[in-house]
Amino acid sequence: MSENAFVAAGGGAKPHNFVAASREIVARFGVLPVFVVVLGVIAGVAPALLRGDNIALVLRESSIVGVMALGATFVMVAGRIDLSIGSLLSLCSYVAINLHESVGPGAAALAVVAVGAFVGVVNGVIVGWVRLNPLIATLAMMSLLQGLTLVYSGGANVYVEHADATWFAVFGRGYVLGAPTPVLIFVALALVLGVLLHMTPFGRRIYAIGGNEIAAAYSGVDVRWTVSIAYVLGALTTSVASLIIASRVMGAQANTGDGYQFAVISAVILGGTSFLGGSGTIAGTVIGVVLLAFMQNGLLLLGLPYYLQWIVTWAVIISAVWAELAAKRKRLFL
Amino acid sequence: MTVSSYLESRPAVAFRVFDHVAIGALRNPIWLSLLVAIAFFAARSPHFLSLFNISNILLQAAFFGFLAIGLTLVIVSGHIDLSVGSLVGLTAGLGVVLQPTLGLPLSVLAALSAGAAVGVFNGVLVERLGINSLIVTLAAMIGLKGLTFAIVGEESIIAESTAFSQLGSFRIGSIHLITITFFVLLIVANWVLTTTRHGREAYAIGGNRTAAVNAGIRVRRHVIINFAVSGFLAGLCGLAISANMGAAVPTYGDGYEGWAIAAVALGGAKLTGGSGNVVNSLGGVLLLAVLRNGLNLAHLSAHYVLVAIGVALLVALLLEKRSGAPIILPNLITKHRRRA
């Protein structure tokens, strides 16, 4: 009796061969282990990566993508995607700086949240209610928001005159009890949204829709409302992220946030959220965000150019999705 | 007189041709919209219909028209290619950067084959790894941008070969060589889609993939070929832009995928595959080019075009949503089709 037949017959302990073990790891963690190993190598070559001040820097840096990724997790667990968040980040941060100069920081922050909510509702209506293809529809919104931002700004840059004299600095530059506020905002939002996704009926409905939309609809889940709210959450977290980035830079361009959606999406799927919907956790997203930020930082520490991170993003997305599909169908190739 | 009694009582042959054209136009409002847009902008600006401006519109149309041809093929076979915009930047850069070392013909060849190779790569990822083409090409969109910066750098590079730039601004009469190339390729692509086996089977794959597989169609091969063509045409677009400008900038082609997809979708191709043709895509391409040019002439910010692209894509998606129900004169059309 060959070994394979023995295993297939269910005899003996679990299979100990390498392929089965690695398949199990991939099925559970995706490409995360590979990523950690690569990071370990980088840390070995460039020990500065794990120095205290560098870690603080990376965490602060990651909070912008991180806050956006929290909302995007809801959208992606529900089996959708939102490509418009990068352009929304541009629009919101431009609005923040522009209104900060004309009507003051408080009104600016409120306006930014209002813009985010409005765009979220629009996305929710076109994807959730009208049920347009999420990728193409949000690609259209991406172009539309880019155009609106450029028209609104006239292509000019804006900046805050007296960056030292405004409490607006608290979002991106401030410290509370020795911890940088962006990181605190990220952690607090992660806790709140983690509870919302994992411990409430709303969160369960998100998973149900991502897992099997038709079954969810037949079980009485209002798919349209739930998907719409997920998009609103995605846009609201983006407007919070725009407060952080605007306050950190104390200025804005019409293209500040272009391309952020790619960083967000790759962080979310690196954190184990399925592109097909139905699985993923807030904790995973936080891990994905932080690891991706360390990877970017590590590549820069190695003296490699910044655009290499885009190629890494490419590799992360393809390999993560491939790993998930391969584990699901138990075959590497179709 | 009701529509149906009109159809019953019409003369046999004389109106057939008219019917065909009219119903084609009604079923696909793109040509009507194009006429309306042209009339609108012509009324607003006396320069709009000048020979110089028309040739300019056609040149601009040709640039993303190359992409629209490739995307029509990919979309017909049920996939999508979001990476073409970034690929334009990459191939434009390659075509210019390689000139000092390889010479003009070889560097052009290298750029074109790089385009086709990326297309094949995308196609293989889609067909062999089984990843959704939206995801594959979305990832390639950002990855190719990184490759472009790695190859071209962050500044613009002037093309070394003067023949290259001369070719890019060469005109026959007042029509650019690039425009003529585009229309020739359009005719070739139309021939491929309407009369060859590859075209027929591409429609079959997009219409019902399972049925196509069961019918023994080599699905993978056709899809990968279509991705390769799309990549090759993106390479041609990159070369055309860099030749016309006499330089390459890594941001060439940014957002072009939106233009091309909007054009194809406006042309009535279903983004789920199985329908669409390059002639109607041409209508979409011309409409967007006219819109962009007209907005410029009207001294409106060119940035409104980005808004227009977004709206156009959304409208196209909405129309596709109800594509079972024709948009204008539903009864006339269904009756006509039933009789035919």
# chains A, B, ... in the order shown; residues from 1 in each chain; ligands from 1
>>> closest_atom_pairs(of="chain A", to="chain B", cutoff="8 Å", atoms="only C-alpha atoms", output="CSV")
residue,atom,partner,partner_atom,distance
A:Leu132,CA,B:Leu317,CA,6.5
A:Asn133,CA,B:Leu317,CA,7.6
A:Leu135,CA,B:Leu134,CA,7.8
A:Ile136,CA,B:Leu313,CA,7.7
A:Ala137,CA,B:Leu314,CA,6.1
A:Leu139,CA,B:Gly258,CA,7.6
A:Ala140,CA,B:Gly310,CA,4.1
A:Met141,CA,B:Gly310,CA,5.8
A:Met142,CA,B:Gly310,CA,7.4
A:Ser143,CA,B:Gly310,CA,5.2
A:Leu144,CA,B:Val307,CA,4.1
A:Leu145,CA,B:Val307,CA,7.1
A:Gln146,CA,B:Leu306,CA,6.8
A:Gly147,CA,B:Leu306,CA,4.6
A:Leu148,CA,B:Val307,CA,6.5
A:Leu150,CA,B:His303,CA,6.0
A:Val151,CA,B:His303,CA,5.9
A:Gly259,CA,B:Ile142,CA,8.0
A:Phe262,CA,B:Ile142,CA,7.3
A:Tyr307,CA,B:Gly146,CA,4.9
A:Leu308,CA,B:Gly146,CA,5.9
A:Gln309,CA,B:Gly146,CA,7.5
A:Trp310,CA,B:Gly143,CA,5.1
A:Ile311,CA,B:Gly143,CA,4.3
A:Val312,CA,B:Gly143,CA,7.4
A:Thr313,CA,B:Gly143,CA,6.8
A:Trp314,CA,B:Ala139,CA,4.8
A:Ala315,CA,B:Ala139,CA,7.9
A:Ile317,CA,B:Ala139,CA,6.3
A:Ile318,CA,B:Val136,CA,6.5
A:Val321,CA,B:Ile131,CA,7.1
A:Trp322,CA,B:Leu129,CA,6.6
A:Leu325,CA,B:Ile131,CA,7.7
A:Leu332,CA,B:Leu129,CA,7.1
A:Phe333,CA,B:Leu129,CA,5.0
A:Leu334,CA,B:Arg128,CA,5.3
>>> residues_around(residues="Val160 of chain A", least_positions_apart="3", cutoff="8 Å", atoms="only C-alpha atoms", output="PyMOL selection string")
chain A and resi 97+100-101+163+250-251
>>> write_last_selection(atoms="N, CA and C atoms", output="PDB file, in the first residue's frame")
ATOM      1  N   ILE A  97      -7.766  71.633   4.036  1.00  0.00           N
ATOM      2  CA  ILE A  97      -6.821  72.755   4.091  1.00  0.00           C
ATOM      3  C   ILE A  97      -7.485  74.041   3.607  1.00  0.00           C
ATOM      4  N   HIS A 100      -9.889  75.249   6.161  1.00  0.00           N
ATOM      5  CA  HIS A 100      -9.156  75.648   7.361  1.00  0.00           C
ATOM      6  C   HIS A 100      -8.722  77.102   7.244  1.00  0.00           C
ATOM      7  N   GLU A 101      -8.310  77.492   6.059  1.00  0.00           N
ATOM      8  CA  GLU A 101      -7.851  78.859   5.854  1.00  0.00           C
ATOM      9  C   GLU A 101      -9.012  79.848   5.811  1.00  0.00           C
ATOM     10  N   ALA A 163       1.061  77.210  10.616  1.00  0.00           N
ATOM     11  CA  ALA A 163       0.917  75.804  10.982  1.00  0.00           C
ATOM     12  C   ALA A 163       1.131  75.582  12.478  1.00  0.00           C
ATOM     13  N   MET A 250       0.054  69.854   6.532  1.00  0.00           N
ATOM     14  CA  MET A 250      -0.385  71.245   6.636  1.00  0.00           C
ATOM     15  C   MET A 250      -0.475  71.893   5.251  1.00  0.00           C
ATOM     16  N   GLY A 251      -0.811  71.066   4.282  1.00  0.00           N
ATOM     17  CA  GLY A 251      -0.978  71.568   2.931  1.00  0.00           C
ATOM     18  C   GLY A 251      -1.613  70.463   2.110  1.00  0.00           C
TER      19      GLY A 251
END
>>> closest_residue(among="B:Gly206, B:Val188, B:Phe183, B:Trp31", to="Ala61 of chain B", atoms="only C-alpha atoms")
B:Phe183
>>> select_by_dssp(residues="segment 153-195 of chain B", states="helix (DSSP H, G or I)", output="list in words")
Thr162, Ala163, Phe164, Ser165, Gln166, Leu167, Gly168, Leu177, Ile178, Thr179, Ile180, Thr181, Phe182, Phe183, Val184, Leu185, Leu186, Ile187, Val188, Ala189, Asn190, Trp191, Val192, Leu193, Thr194 and Thr195 of chain B
>>> residues_around(residues="Leu94 of chain B", least_positions_apart="6", cutoff="9 Å", atoms="only C-alpha atoms", output="VMD selection string")
chain B and resid 107 to 108 110 to 111 114 148 151 to 152 239 248
>>> residues_around(residues="Ala320 of chain A", least_positions_apart="3", cutoff="6 Å", atoms="only C-alpha atoms", output="PDB file with C-alpha atoms, in the first residue's frame")
ATOM      1  CA  GLY A  30      -2.075  33.339   2.955  1.00  0.00           C
ATOM      2  CA  VAL A  31       1.247  34.878   1.954  1.00  0.00           C
ATOM      3  CA  VAL A 316       1.501  40.953  -2.966  1.00  0.00           C
ATOM      4  CA  ILE A 317      -1.906  41.226  -4.619  1.00  0.00           C
ATOM      5  CA  ALA A 323      -2.518  31.488  -2.667  1.00  0.00           C
TER       6      ALA A 323
END
>>> residues_around(residues="Glu24 of chain A", least_positions_apart="3", cutoff="12 Å", atoms="only C-alpha atoms", output="PyMOL selection string")
chain A and resi 14-21+27-31+33+323-324+326-328+330
>>> write_last_selection(atoms="C-alpha atoms", output="short mmCIF file (atom, residue, chain, number, x, y, z; two decimals), in the first residue's frame")
data_model
loop_
_atom_site.label_atom_id
_atom_site.label_comp_id
_atom_site.auth_asym_id
_atom_site.auth_seq_id
_atom_site.Cartn_x
_atom_site.Cartn_y
_atom_site.Cartn_z
CA LYS A 14 -2.14 13.71 9.89
CA PRO A 15 -0.01 13.73 6.73
CA HIS A 16 3.44 14.97 7.53
CA ASN A 17 4.64 15.74 4.08
CA PHE A 18 5.82 19.19 3.22
CA VAL A 19 3.21 19.98 0.55
CA ALA A 20 0.26 19.28 2.82
CA ALA A 21 1.77 21.29 5.65
CA ALA A 27 -4.90 28.25 3.59
CA ARG A 28 -4.78 29.75 7.06
CA PHE A 29 -2.39 32.67 6.70
CA GLY A 30 -2.08 33.34 2.95
CA VAL A 31 1.25 34.88 1.95
CA PRO A 33 4.49 33.99 6.47
CA ALA A 323 -2.52 31.49 -2.67
CA GLU A 324 -6.13 31.78 -1.57
CA ALA A 326 -4.90 27.52 -4.85
CA ALA A 327 -5.65 26.55 -1.26
CA LYS A 328 -9.36 26.54 -2.02
CA LYS A 330 -6.18 22.35 -3.79
#
>>> atom_distance(atom1="atom CA of Thr237 of chain A", atom2="atom CA of Ala217 of chain A")
26.8 Å
>>> residues_around(residues="segment 249-251 of chain B", least_positions_apart="2", cutoff="6 Å", atoms="only C-alpha atoms", output="PyMOL selection string")
chain B and resi 89+156+254
>>> write_last_selection(atoms="C-alpha atoms", output="compact mmCIF listing (two decimals), in the first residue's frame")
# COMPACT_ATOMS: atom_id res chain seq x y z
CA GLY B 89 3.83 54.86 -19.97
CA SER B 156 11.18 63.29 -19.17
CA ASP B 254 -2.16 57.85 -16.73
>>> residues_around(residues="Gly168 of chain B", least_positions_apart="6", cutoff="7 Å", atoms="only C-alpha atoms", output="number ranges by chain")
B: 178, 240, 243-244
>>> write_last_selection(atoms="C-alpha atoms", output="compact mmCIF listing (two decimals), in the first residue's frame")
# COMPACT_ATOMS: atom_id res chain seq x y z
CA ILE B 178 -0.93 58.01 -36.42
CA ALA B 240 2.64 57.04 -30.91
CA ALA B 243 6.87 59.96 -31.13
CA ASN B 244 4.33 62.74 -31.37
